[in-house]
file data.cif (mmCIF, C-alpha atoms and all ligand atoms)
data_query
loop_
_atom_site.label_atom_id
_atom_site.label_comp_id
_atom_site.auth_asym_id
_atom_site.auth_seq_id
_atom_site.Cartn_x
_atom_site.Cartn_y
_atom_site.Cartn_z
CA MET L 89 100.74 123.22 127.89
CA SER L 90 102.54 119.92 127.65
CA ALA L 91 104.50 118.66 124.66
CA TYR L 92 106.20 115.34 124.08
CA THR L 93 108.46 114.04 121.36
CA VAL L 94 107.79 110.44 120.46
CA VAL L 95 109.96 108.48 118.06
CA SER L 96 107.83 106.09 116.05
CA LEU L 97 109.36 102.98 114.50
CA PRO L 98 106.59 101.64 112.23
CA GLY L 99 108.79 98.72 111.14
CA ASP L 100 107.79 95.84 108.89
CA GLY L 101 104.70 94.02 107.65
CA ILE L 102 101.54 95.40 109.22
CA GLY L 103 103.63 97.73 111.43
CA PRO L 104 103.19 100.84 109.25
CA GLU L 105 99.41 100.29 108.80
CA ILE L 106 98.70 99.99 112.50
CA THR L 107 101.14 102.76 113.44
CA GLU L 108 99.23 105.12 111.18
CA VAL L 109 96.07 104.40 113.17
CA ALA L 110 97.85 104.87 116.51
CA VAL L 111 99.32 108.21 115.44
CA ALA L 112 95.90 109.42 114.29
CA ALA L 113 94.48 108.40 117.67
CA LEU L 114 97.26 110.29 119.50
CA ASP L 115 96.58 113.40 117.39
CA ARG L 116 92.87 113.29 117.98
CA ALA L 117 93.16 112.66 121.72
CA ALA L 118 95.66 115.50 122.08
CA SER L 119 93.38 117.93 120.29
CA VAL L 120 90.29 116.86 122.25
CA VAL L 121 92.14 117.28 125.57
CA GLY L 122 93.72 120.56 124.48
CA GLY L 123 97.05 121.99 125.65
CA LEU L 124 98.75 118.72 124.76
CA THR L 125 101.06 118.15 121.81
CA VAL L 126 102.53 114.83 120.79
CA ASN L 127 105.16 115.32 118.10
CA VAL L 128 105.73 112.04 116.31
CA ASP L 129 109.12 111.68 114.66
CA ALA L 130 109.01 108.63 112.36
CA HIS L 131 112.20 106.61 111.76
CA ASP L 132 112.87 103.52 109.71
CA ALA L 133 114.18 100.71 111.90
CA SER L 134 113.21 97.46 110.25
CA ALA L 135 114.14 94.15 108.73
CA THR L 136 113.44 95.76 105.36
CA ARG L 137 116.07 98.41 106.12
CA TRP L 138 118.50 95.64 107.07
CA GLN L 139 117.87 93.90 103.75
CA ARG L 140 118.47 97.17 101.92
CA THR L 141 121.42 98.59 103.83
CA GLY L 142 122.83 95.89 106.12
CA ALA L 143 121.71 97.72 109.28
CA ALA L 144 118.27 97.43 110.84
CA MET L 145 118.67 100.74 112.64
CA SER L 146 120.91 103.77 112.01
CA GLU L 147 122.92 105.42 114.75
CA GLU L 148 120.89 108.56 114.14
CA THR L 149 117.71 106.65 114.94
CA PHE L 150 119.30 105.15 118.03
CA GLU L 151 120.22 108.66 119.23
CA ALA L 152 116.71 109.92 118.49
CA CYS L 153 115.28 107.07 120.60
CA TRP L 154 117.65 107.97 123.39
CA ASP L 155 116.57 111.62 123.29
CA ALA L 156 112.82 111.01 122.87
CA ASP L 157 110.25 111.17 125.66
CA ALA L 158 109.01 107.76 124.54
CA ILE L 159 109.26 105.26 121.68
CA LEU L 160 106.28 103.83 119.85
CA MET L 161 107.16 100.70 117.91
CA GLY L 162 104.94 99.00 115.33
CA ALA L 163 106.34 95.57 114.58
CA ILE L 164 109.87 94.77 113.49
CA GLY L 165 111.03 91.61 111.76
CA LEU L 166 110.42 89.36 108.79
CA PRO L 167 110.84 85.58 108.96
CA GLU L 168 113.40 85.57 106.14
CA ALA L 169 115.53 88.39 107.61
CA ARG L 170 118.07 86.47 109.65
CA HIS L 171 121.74 86.73 110.45
CA PRO L 172 123.96 83.87 109.22
CA ASP L 173 123.75 82.27 112.70
CA GLY L 174 119.95 82.17 112.48
CA ARG L 175 119.14 85.07 114.80
CA GLU L 176 116.29 87.28 113.62
CA VAL L 177 117.36 90.83 112.87
CA ASN L 178 114.56 92.37 114.94
CA GLY L 179 116.82 91.73 117.95
CA ASP L 180 119.24 94.31 116.52
CA VAL L 181 116.62 96.93 117.28
CA ILE L 182 114.52 95.53 120.12
CA PHE L 183 117.30 94.01 122.27
CA ARG L 184 119.67 96.87 121.59
CA LEU L 185 117.11 99.42 122.77
CA ARG L 186 115.99 97.22 125.67
CA PHE L 187 119.53 96.90 127.02
CA ALA L 188 120.96 100.30 126.09
CA LEU L 189 117.96 102.17 127.50
CA ASP L 190 117.72 99.76 130.45
CA LEU L 191 114.06 98.95 129.83
CA TYR L 192 114.09 96.44 132.64
CA ALA L 193 110.35 95.97 133.13
CA GLY L 194 108.10 94.46 130.49
CA ILE L 195 104.51 95.45 131.22
CA ARG L 196 101.71 93.39 129.68
CA PRO L 197 98.17 94.26 130.71
CA VAL L 198 95.59 91.52 130.27
CA ARG L 199 91.86 92.14 130.62
CA SER L 200 88.63 90.84 129.19
CA LEU L 201 87.39 93.16 126.50
CA PRO L 202 83.78 93.92 125.62
CA GLY L 203 82.50 92.33 122.43
CA VAL L 204 85.41 89.90 122.24
CA ARG L 205 84.39 86.27 122.46
CA PRO L 206 85.99 84.87 125.62
CA THR L 207 88.54 82.13 125.10
CA LEU L 208 87.87 80.59 128.50
CA ALA L 209 84.72 78.84 129.61
CA ALA L 210 85.04 80.44 133.06
CA SER L 211 83.12 83.70 133.01
CA ASP L 212 85.24 85.43 135.67
CA PRO L 213 86.34 88.91 134.67
CA ILE L 214 90.05 89.14 133.87
CA ASP L 215 92.04 92.26 134.64
CA TYR L 216 95.66 91.90 135.63
CA ILE L 217 99.09 93.08 134.59
CA VAL L 218 102.09 90.86 134.03
CA VAL L 219 105.38 92.56 134.86
CA ARG L 220 108.22 90.66 133.28
CA GLU L 221 111.84 91.21 134.27
CA ASN L 222 113.31 92.13 130.91
CA VAL L 223 117.09 92.24 131.04
CA GLU L 224 118.36 89.38 133.23
CA GLY L 225 117.03 85.99 134.35
CA LEU L 226 117.50 82.95 132.15
CA TYR L 227 117.53 84.96 128.93
CA ALA L 228 120.58 86.90 130.12
CA SER L 229 122.34 83.72 129.06
CA ARG L 230 121.80 84.70 125.45
CA THR L 231 125.18 86.40 125.62
CA GLY L 232 127.00 83.89 127.80
CA GLY L 233 125.81 80.37 126.94
CA THR L 234 128.32 77.56 127.09
CA ASN L 235 128.74 74.51 124.98
CA VAL L 236 130.98 71.61 125.88
CA ARG L 237 132.26 69.26 123.13
CA ASN L 238 129.01 69.75 121.23
CA GLU L 239 127.47 67.21 123.60
CA VAL L 240 126.22 69.43 126.35
CA ALA L 241 124.63 72.84 126.31
CA THR L 242 124.10 74.85 129.46
CA ASP L 243 122.63 78.23 130.22
CA THR L 244 123.10 80.23 133.35
CA ILE L 245 120.28 82.11 134.98
CA VAL L 246 121.21 85.50 136.36
CA ILE L 247 119.13 86.93 139.19
CA THR L 248 120.49 90.04 140.87
CA ASP L 249 119.32 91.76 144.01
CA THR L 250 119.21 95.12 142.20
CA GLY L 251 117.34 93.84 139.16
CA THR L 252 114.77 91.94 141.21
CA ARG L 253 114.29 94.89 143.55
CA LYS L 254 113.70 97.29 140.64
CA VAL L 255 111.19 95.13 138.81
CA SER L 256 109.38 94.35 142.07
CA GLN L 257 109.10 98.08 142.79
CA VAL L 258 107.52 98.60 139.37
CA ALA L 259 104.94 95.92 140.19
CA PHE L 260 104.05 97.47 143.58
CA LYS L 261 103.83 101.00 142.10
CA LEU L 262 101.48 99.71 139.42
CA ALA L 263 99.35 97.99 142.06
CA GLU L 264 99.14 101.24 144.03
CA GLY L 265 97.60 102.97 141.04
CA ARG L 266 95.02 100.27 140.29
CA ARG L 267 91.54 99.39 141.44
CA GLY L 268 92.60 95.93 142.59
CA ARG L 269 91.40 92.52 141.53
CA PRO L 270 88.18 92.45 139.55
CA LEU L 271 85.96 90.55 142.03
CA ASP L 272 86.91 91.90 145.46
CA GLY L 273 88.93 95.05 144.67
CA ARG L 274 91.85 93.73 146.70
CA ARG L 275 95.14 95.19 145.52
CA MET L 276 97.86 92.63 145.39
CA VAL L 277 101.10 91.59 143.79
CA THR L 278 101.77 87.95 143.02
CA CYS L 279 105.35 86.72 142.73
CA VAL L 280 105.66 83.89 140.22
CA ASP L 281 108.73 81.69 140.60
CA LYS L 282 110.02 78.16 141.11
CA ALA L 283 111.49 78.72 144.54
CA ASN L 284 110.89 75.11 145.54
CA VAL L 285 113.38 73.80 142.96
CA LEU L 286 115.94 76.45 142.04
CA SER L 287 117.89 78.63 144.43
CA SER L 288 117.93 81.46 141.89
CA TYR L 289 114.15 81.65 142.10
CA ALA L 290 114.23 81.34 145.88
CA PHE L 291 116.49 84.39 145.83
CA PHE L 292 114.08 86.21 143.49
CA ARG L 293 111.30 85.48 145.96
CA SER L 294 113.28 86.64 148.99
CA VAL L 295 114.11 89.97 147.34
CA PHE L 296 110.46 90.35 146.33
CA ASP L 297 109.41 89.71 149.95
CA ASP L 298 111.84 92.35 151.11
CA VAL L 299 110.38 94.94 148.71
CA ALA L 300 106.86 93.93 149.81
CA LYS L 301 107.65 95.12 153.35
CA GLU L 302 107.80 98.70 152.02
CA HIS L 303 104.27 98.33 150.65
CA GLY L 304 102.27 97.03 153.59
CA GLU L 305 98.95 98.23 152.14
CA ILE L 306 99.29 95.92 149.12
CA GLY L 307 98.64 92.22 149.61
CA THR L 308 101.10 89.65 148.28
CA ASP L 309 101.21 86.01 147.43
CA HIS L 310 103.52 83.51 145.75
CA VAL L 311 102.64 81.07 143.02
CA TYR L 312 104.90 78.48 141.42
CA VAL L 313 105.04 78.98 137.68
CA ASP L 314 103.53 75.59 136.85
CA ALA L 315 100.56 76.21 139.12
CA MET L 316 100.36 79.71 137.69
CA THR L 317 99.49 78.45 134.20
CA ALA L 318 96.56 76.49 135.65
CA PHE L 319 95.33 79.46 137.71
CA GLN L 320 95.49 81.72 134.65
CA VAL L 321 93.00 79.42 133.00
CA GLN L 322 90.89 78.31 135.99
CA ARG L 323 90.65 81.40 138.18
CA PRO L 324 92.26 84.38 136.44
CA SER L 325 90.23 86.87 138.51
CA HIS L 326 92.57 86.04 141.42
CA PHE L 327 95.29 88.26 139.93
CA ASP L 328 95.91 92.01 140.08
CA VAL L 329 99.61 92.52 139.35
CA VAL L 330 101.98 89.62 138.70
CA VAL L 331 105.78 89.83 138.65
CA ALA L 332 108.11 87.21 137.23
CA GLU L 333 111.63 86.51 136.02
CA ASN L 334 112.33 87.05 132.30
CA MET L 335 111.54 83.62 130.80
CA PHE L 336 108.61 82.88 133.11
CA GLY L 337 107.22 86.35 132.38
CA ASP L 338 107.53 85.75 128.64
CA ILE L 339 105.59 82.51 128.86
CA ILE L 340 102.84 83.58 131.24
CA SER L 341 102.23 86.84 129.37
CA ASP L 342 101.67 84.94 126.10
CA LEU L 343 99.26 82.63 127.89
CA ALA L 344 97.57 85.65 129.45
CA ALA L 345 97.07 87.26 126.02
CA ALA L 346 95.55 84.06 124.68
CA THR L 347 93.00 83.94 127.52
CA VAL L 348 91.52 87.29 126.51
CA GLY L 349 91.22 86.98 122.77
CA GLY L 350 94.63 86.79 121.27
CA LEU L 351 97.38 88.64 119.58
CA GLY L 352 95.65 91.52 117.86
CA LEU L 353 94.51 92.87 121.24
CA ALA L 354 97.56 92.67 123.49
CA ALA L 355 99.47 95.88 124.24
CA SER L 356 102.85 96.05 125.91
CA GLY L 357 105.40 98.46 127.26
CA ASP L 358 109.09 98.05 128.08
CA VAL L 359 110.00 100.65 130.66
CA GLY L 360 112.94 101.68 132.78
CA ASP L 361 113.77 104.61 135.02
CA GLU L 362 114.47 107.01 132.15
CA HIS L 363 112.95 105.53 129.00
CA GLY L 364 109.85 103.75 127.77
CA MET L 365 109.08 101.84 124.58
CA PHE L 366 105.57 100.70 123.68
CA GLN L 367 104.52 98.14 121.09
CA PRO L 368 101.84 95.55 120.38
CA ALA L 369 102.65 92.07 121.65
CA HIS L 370 102.18 90.59 118.18
CA GLY L 371 104.69 90.49 115.35
CA SER L 372 104.70 91.94 111.85
CA ALA L 373 102.14 89.41 110.51
CA PRO L 374 103.60 89.27 106.98
CA ASP L 375 100.75 86.96 105.90
CA ILE L 376 98.25 89.84 106.04
CA ALA L 377 100.57 92.80 105.47
CA GLY L 378 99.68 95.46 102.92
CA ARG L 379 96.06 94.30 102.66
CA ASP L 380 94.50 96.68 105.18
CA ARG L 381 93.32 93.72 107.27
CA ALA L 382 95.30 94.02 110.50
CA ASN L 383 93.55 94.65 113.78
CA PRO L 384 94.93 97.98 115.05
CA THR L 385 93.70 97.45 118.65
CA ALA L 386 96.95 96.24 120.26
CA MET L 387 98.85 99.08 118.66
CA VAL L 388 96.35 101.76 119.67
CA LEU L 389 96.21 100.41 123.23
CA SER L 390 100.02 100.52 123.31
CA ALA L 391 99.85 104.20 122.38
CA ALA L 392 97.37 104.74 125.23
CA MET L 393 99.75 102.96 127.61
CA MET L 394 102.51 105.27 126.44
CA LEU L 395 100.43 108.35 127.28
CA ASP L 396 99.52 106.85 130.65
CA TRP L 397 103.21 106.23 131.40
CA LEU L 398 104.14 109.77 130.31
CA GLY L 399 101.30 111.19 132.39
CA ARG L 400 102.37 109.39 135.56
CA ARG L 401 106.02 110.11 135.00
CA HIS L 402 105.50 113.84 134.51
CA GLY L 403 102.49 114.26 136.78
CA ASP L 404 100.60 115.42 133.68
CA ASP L 405 96.82 115.15 133.88
CA ARG L 406 96.42 116.01 130.20
CA ALA L 407 98.41 112.99 129.09
CA LEU L 408 96.49 110.79 131.54
CA ARG L 409 93.21 112.13 130.22
CA ALA L 410 94.28 111.50 126.60
CA ALA L 411 95.21 107.93 127.53
CA GLU L 412 91.76 107.38 129.04
CA LEU L 413 90.06 108.83 125.97
CA ILE L 414 91.89 106.47 123.62
CA ASP L 415 91.30 103.48 125.87
CA GLY L 416 87.59 104.28 126.16
CA ALA L 417 87.27 104.74 122.40
CA VAL L 418 88.79 101.32 121.74
CA LEU L 419 86.46 99.70 124.26
CA SER L 420 83.41 101.36 122.72
CA VAL L 421 84.31 100.26 119.18
CA LEU L 422 84.88 96.69 120.42
CA ALA L 423 81.63 96.70 122.41
CA ASP L 424 79.67 98.00 119.43
CA GLY L 425 81.16 95.29 117.23
CA GLY L 426 79.97 96.83 113.97
CA THR L 427 83.38 98.04 112.79
CA VAL L 428 85.87 95.37 113.78
CA THR L 429 88.43 93.44 111.76
CA ALA L 430 88.24 89.86 110.49
CA ASP L 431 90.20 88.33 113.40
CA LEU L 432 87.33 89.52 115.66
CA GLY L 433 84.70 88.13 113.33
CA GLY L 434 83.96 91.41 111.58
CA THR L 435 84.43 92.66 108.05
CA ALA L 436 86.03 96.08 108.65
CA SER L 437 89.42 97.00 107.26
CA CYS L 438 92.25 98.18 109.49
CA SER L 439 91.73 101.74 108.33
CA ALA L 440 87.94 101.59 108.84
CA MET L 441 88.32 100.28 112.37
CA GLY L 442 90.97 102.94 112.91
CA GLU L 443 88.59 105.67 111.75
CA ALA L 444 85.90 104.34 114.09
CA ILE L 445 88.32 104.46 117.03
CA VAL L 446 89.53 107.96 116.18
CA GLY L 447 85.92 109.10 115.74
CA ALA L 448 84.97 107.65 119.14
CA ILE L 449 87.73 109.66 120.83
CA GLY L 450 85.78 112.81 120.04
CA ALA L 451 85.56 115.54 117.46
P1 LIG K 1 107.06 87.43 115.73
O1 LIG K 1 108.07 86.38 115.53
O2 LIG K 1 107.42 88.75 115.11
O3 LIG K 1 106.57 87.53 117.15
P2 LIG K 1 104.94 85.68 115.08
O4 LIG K 1 105.47 84.60 114.21
O5 LIG K 1 104.75 85.41 116.51
O6 LIG K 1 105.80 86.99 114.88
P3 LIG K 1 102.76 87.37 114.31
O7 LIG K 1 103.38 88.25 113.31
O8 LIG K 1 102.47 87.98 115.61
O9 LIG K 1 103.61 86.06 114.43
O10 LIG K 1 101.45 86.73 113.69
C1 LIG K 1 100.91 85.47 114.10
C2 LIG K 1 99.53 85.29 113.47
O11 LIG K 1 98.63 86.23 114.09
C3 LIG K 1 99.51 85.57 111.98
O12 LIG K 1 98.62 84.71 111.34
C4 LIG K 1 99.01 86.98 111.91
O13 LIG K 1 98.31 87.25 110.72
C5 LIG K 1 98.09 87.10 113.12
N1 LIG K 1 98.13 88.48 113.64
C6 LIG K 1 99.13 89.05 114.33
N2 LIG K 1 98.86 90.32 114.62
C7 LIG K 1 97.64 90.58 114.08
C8 LIG K 1 96.80 91.74 114.03
N3 LIG K 1 97.17 92.91 114.59
N4 LIG K 1 95.63 91.65 113.38
C9 LIG K 1 95.24 90.50 112.82
N5 LIG K 1 95.98 89.37 112.84
C10 LIG K 1 97.18 89.41 113.47
MG MG K 2 105.96 85.73 118.25
#

call {"tool": "encode", "arguments": {"input": "data.cif", "output": "structure tokens", "more": "lines below"}}
Ligand code: ATP
Ligand code: MG
result
Amino acid sequence: MSAYTVVSLPGDGIGPEITEVAVAALDRAASVVGGLTVNVDAHDASATRWQRTGAAMSEETFEACWDADAILMGAIGLPEARHPDGREVNGDVIFRLRFALDLYAGIRPVRSLPGVRPTLAASDPIDYIVVRENVEGLYASRTGGTNVRNEVATDTIVITDTGTRKVSQVAFKLAEGRRGRPLDGRRMVTCVDKANVLSSYAFFRSVFDDVAKEHGEIGTDHVYVDAMTAFQVQRPSHFDVVVAENMFGDIISDLAAATVGGLGLAASGDVGDEHGMFQPAHGSAPDIAGRDRANPTAMVLSAAMMLDWLGRRHGDDRALRAAELIDGAVLSVLADGGTVTADLGGTASCSAMGEAIVGAIGA
């Protein structure tokens, strides 16, 4: 018997609609597997809460996230919910949790999906994972930027040995558990940097190379970030696992999502040594909120990733099996194509596609 407590943060816009589907999928998968319980404890952390109370997240919710086995986040933020300095309030939740829980690795799987019209002319299969360093790099400057006489703005990139080592280890561990690249099954980790121009990236690369020595059975290569964007479009089947500094990882994972059909399909996880938070890569999509039109795929796949992470972390085959069931159900609904949402060219509502996915998990 295994039991997990998951804090769900449905959030704003389409967040609650897609979270409802993900929770139904978790319930169904747990009951089909048997001996597995996922208790979902829903909390309000949202831009709407901020508008109502002045705080996007309560301390009680923060504590619950800290204590939970995992966090499942819908989508937080509304374009009009901003602090006086212009910052969006979703950072009050997402960045706070990312830093406080030390969720140092952003994991973004990218793969071609059945039934989804390919964005790229190249017909190569795509199946790789972008691992983005999440808490340092150039974005660490968000707290320490400088500004001289209002004429010059500078930001400082922060690359540490420890941070680079940890995120590189995550990439190699992921590669160990995968089938390898789609065409030749070769397992490999690609380090994306700009080591030819900036010493900080040269340092990132040297720490990566050091970690690679502990994983002799996994191949490695290095790609400069500018060349990377071209490879992602021209020969994406070259990649298995990719690791990059924070800003580069942000950019290449958005590009990666676009190459396989866009926002409604891209799952993500932010994980550390003790905590994990899973959410779709898209935002709260206020333009379609409340109309039962959102594509629940990215959210449901994020819930499957969460189970996969829990399963590996606890050596729990039931959780791994439940993750596979959910993933397979999503793929079968996409492949069938008869019950998909408008963004995929179908006419199904969010709830109808959700019911199809839950039904495909099993009875
Ligand atoms: P954020 O700033 O929160 O990242 P964003 O401005 O990047 O948000 P999204 O909320 O992700 O934007 O939405 C961008 C566009 O993609 C919108 O037109 C939205 O309707 C569409 N979209 C996003 N997610 C989905 C989804 N799950 N299903 C269908 N359409 C979606
Ligand atoms: Mg966005």

call {"tool": "residues_around", "arguments": {"input": "data.cif", "residues": "L:Asp338", "least_positions_apart": "2", "cutoff": "12 Å", "atoms": "only C-alpha atoms", "output": "PDB file with C-alpha atoms, in the coordinates of the input"}}
result
ATOM      1  CA  ALA L 193     110.350  95.970 133.130  1.00  0.00           C
ATOM      2  CA  GLY L 194     108.100  94.460 130.490  1.00  0.00           C
ATOM      3  CA  ILE L 195     104.510  95.450 131.220  1.00  0.00           C
ATOM      4  CA  ARG L 196     101.710  93.390 129.680  1.00  0.00           C
ATOM      5  CA  VAL L 218     102.090  90.860 134.030  1.00  0.00           C
ATOM      6  CA  VAL L 219     105.380  92.560 134.860  1.00  0.00           C
ATOM      7  CA  ARG L 220     108.220  90.660 133.280  1.00  0.00           C
ATOM      8  CA  GLU L 221     111.840  91.210 134.270  1.00  0.00           C
ATOM      9  CA  ASN L 222     113.310  92.130 130.910  1.00  0.00           C
ATOM     10  CA  VAL L 223     117.090  92.240 131.040  1.00  0.00           C
ATOM     11  CA  GLY L 225     117.030  85.990 134.350  1.00  0.00           C
ATOM     12  CA  LEU L 226     117.500  82.950 132.150  1.00  0.00           C
ATOM     13  CA  TYR L 227     117.530  84.960 128.930  1.00  0.00           C
ATOM     14  CA  VAL L 280     105.660  83.890 140.220  1.00  0.00           C
ATOM     15  CA  VAL L 313     105.040  78.980 137.680  1.00  0.00           C
ATOM     16  CA  VAL L 331     105.780  89.830 138.650  1.00  0.00           C
ATOM     17  CA  ALA L 332     108.110  87.210 137.230  1.00  0.00           C
ATOM     18  CA  GLU L 333     111.630  86.510 136.020  1.00  0.00           C
ATOM     19  CA  ASN L 334     112.330  87.050 132.300  1.00  0.00           C
ATOM     20  CA  MET L 335     111.540  83.620 130.800  1.00  0.00           C
ATOM     21  CA  PHE L 336     108.610  82.880 133.110  1.00  0.00           C
ATOM     22  CA  ILE L 340     102.840  83.580 131.240  1.00  0.00           C
ATOM     23  CA  SER L 341     102.230  86.840 129.370  1.00  0.00           C
ATOM     24  CA  ASP L 342     101.670  84.940 126.100  1.00  0.00           C
ATOM     25  CA  LEU L 343      99.260  82.630 127.890  1.00  0.00           C
ATOM     26  CA  ALA L 344      97.570  85.650 129.450  1.00  0.00           C
ATOM     27  CA  ALA L 345      97.070  87.260 126.020  1.00  0.00           C
ATOM     28  CA  SER L 356     102.850  96.050 125.910  1.00  0.00           C
ATOM     29  CA  ALA L 369     102.650  92.070 121.650  1.00  0.00           C
TER      30      ALA L 369
END

call {"tool": "residues_near_ligand", "arguments": {"input": "data.cif", "ligand": "ligand MG 2 (chain K)", "cutoff": "10 Å", "atoms": "all atoms listed in the file", "output": "ChimeraX atom specification"}}
result
/L:342,351,369-373

call {"tool": "axis_aligned_box", "arguments": {"input": "data.cif", "around": "ligand LIG 1 (chain K)", "padding_each_side": "6 Å", "output": "JSON"}}
result
{"center_x": 101.7, "center_y": 88.8, "center_z": 113.9, "size_x": 24.8, "size_y": 20.3, "size_z": 18.4}

call {"tool": "residues_near_ligand", "arguments": {"input": "data.cif", "ligand": "ligand LIG 1 (chain K)", "cutoff": "10 Å", "atoms": "all atoms listed in the file", "output": "count of residues only"}}
result
42

call {"tool": "residues_around", "arguments": {"input": "data.cif", "residues": "L:Gly425", "least_positions_apart": "5", "cutoff": "9 Å", "atoms": "all atoms listed in the file", "output": "list of chain:residue names"}}
result
L:Pro202, L:Gly203, L:Val204, L:Ser420, L:Leu432, L:Gly433, L:Gly434

call {"tool": "decode", "arguments": {"input": "data.cif", "residues": "stretch 202-223 of chain L", "atoms": "N, CA and C atoms", "output": "mmCIF file, in the first residue's frame"}}
result
data_model
loop_
_atom_site.group_PDB
_atom_site.id
_atom_site.type_symbol
_atom_site.label_atom_id
_atom_site.label_comp_id
_atom_site.auth_asym_id
_atom_site.auth_seq_id
_atom_site.Cartn_x
_atom_site.Cartn_y
_atom_site.Cartn_z
ATOM 1 N N PRO L 202 1.371 11.470 -31.042
ATOM 2 C CA PRO L 202 0.547 10.929 -32.115
ATOM 3 C C PRO L 202 -0.670 11.821 -32.349
ATOM 4 N N GLY L 203 -1.055 11.972 -33.611
ATOM 5 C CA GLY L 203 -2.272 12.721 -33.907
ATOM 6 C C GLY L 203 -2.102 14.224 -33.871
ATOM 7 N N VAL L 204 -0.910 14.692 -33.462
ATOM 8 C CA VAL L 204 -0.688 16.137 -33.410
ATOM 9 C C VAL L 204 0.106 16.536 -34.641
ATOM 10 N N ARG L 205 -0.441 17.472 -35.392
ATOM 11 C CA ARG L 205 0.210 17.889 -36.636
ATOM 12 C C ARG L 205 1.597 18.435 -36.326
ATOM 13 N N PRO L 206 2.645 17.861 -36.956
ATOM 14 C CA PRO L 206 3.995 18.322 -36.631
ATOM 15 C C PRO L 206 4.217 19.766 -37.079
ATOM 16 N N THR L 207 4.941 20.498 -36.260
ATOM 17 C CA THR L 207 5.256 21.883 -36.587
ATOM 18 C C THR L 207 6.375 21.923 -37.612
ATOM 19 N N LEU L 208 7.284 20.953 -37.519
ATOM 20 C CA LEU L 208 8.477 20.972 -38.355
ATOM 21 C C LEU L 208 8.278 20.146 -39.616
ATOM 22 N N ALA L 209 8.915 20.584 -40.678
ATOM 23 C CA ALA L 209 8.853 19.822 -41.928
ATOM 24 C C ALA L 209 9.631 18.513 -41.778
ATOM 25 N N ALA L 210 10.753 18.565 -41.061
ATOM 26 C CA ALA L 210 11.554 17.352 -40.847
ATOM 27 C C ALA L 210 10.703 16.309 -40.146
ATOM 28 N N SER L 211 10.755 15.070 -40.612
ATOM 29 C CA SER L 211 9.870 14.065 -40.039
ATOM 30 C C SER L 211 10.553 13.237 -38.950
ATOM 31 N N ASP L 212 11.770 13.625 -38.576
ATOM 32 C CA ASP L 212 12.472 12.912 -37.508
ATOM 33 C C ASP L 212 11.651 12.857 -36.228
ATOM 34 N N PRO L 213 11.639 11.708 -35.561
ATOM 35 C CA PRO L 213 10.961 11.662 -34.272
ATOM 36 C C PRO L 213 11.685 12.536 -33.237
ATOM 37 N N ILE L 214 10.925 13.158 -32.376
ATOM 38 C CA ILE L 214 11.500 14.025 -31.342
ATOM 39 C C ILE L 214 11.176 13.431 -29.987
ATOM 40 N N ASP L 215 12.205 13.228 -29.183
ATOM 41 C CA ASP L 215 11.982 12.724 -27.826
ATOM 42 C C ASP L 215 13.189 13.065 -26.965
ATOM 43 N N TYR L 216 13.159 14.260 -26.384
ATOM 44 C CA TYR L 216 14.251 14.617 -25.489
ATOM 45 C C TYR L 216 13.719 15.378 -24.287
ATOM 46 N N ILE L 217 14.596 15.560 -23.308
ATOM 47 C CA ILE L 217 14.211 16.289 -22.101
ATOM 48 C C ILE L 217 15.158 17.459 -21.927
ATOM 49 N N VAL L 218 14.601 18.641 -21.724
ATOM 50 C CA VAL L 218 15.436 19.782 -21.371
ATOM 51 C C VAL L 218 15.470 19.892 -19.850
ATOM 52 N N VAL L 219 16.679 19.934 -19.303
ATOM 53 C CA VAL L 219 16.852 20.163 -17.870
ATOM 54 C C VAL L 219 17.429 21.560 -17.717
ATOM 55 N N ARG L 220 16.644 22.412 -17.113
ATOM 56 C CA ARG L 220 17.026 23.820 -16.971
ATOM 57 C C ARG L 220 17.452 24.091 -15.539
ATOM 58 N N GLU L 221 18.634 24.673 -15.364
ATOM 59 C CA GLU L 221 19.030 25.093 -14.021
ATOM 60 C C GLU L 221 18.058 26.197 -13.609
ATOM 61 N N ASN L 222 17.475 26.069 -12.425
ATOM 62 C CA ASN L 222 16.300 26.860 -12.083
ATOM 63 C C ASN L 222 16.523 27.982 -11.077
ATOM 64 N N VAL L 223 17.620 27.971 -10.363
ATOM 65 C CA VAL L 223 17.737 28.923 -9.245
ATOM 66 C C VAL L 223 18.980 29.817 -9.298
#
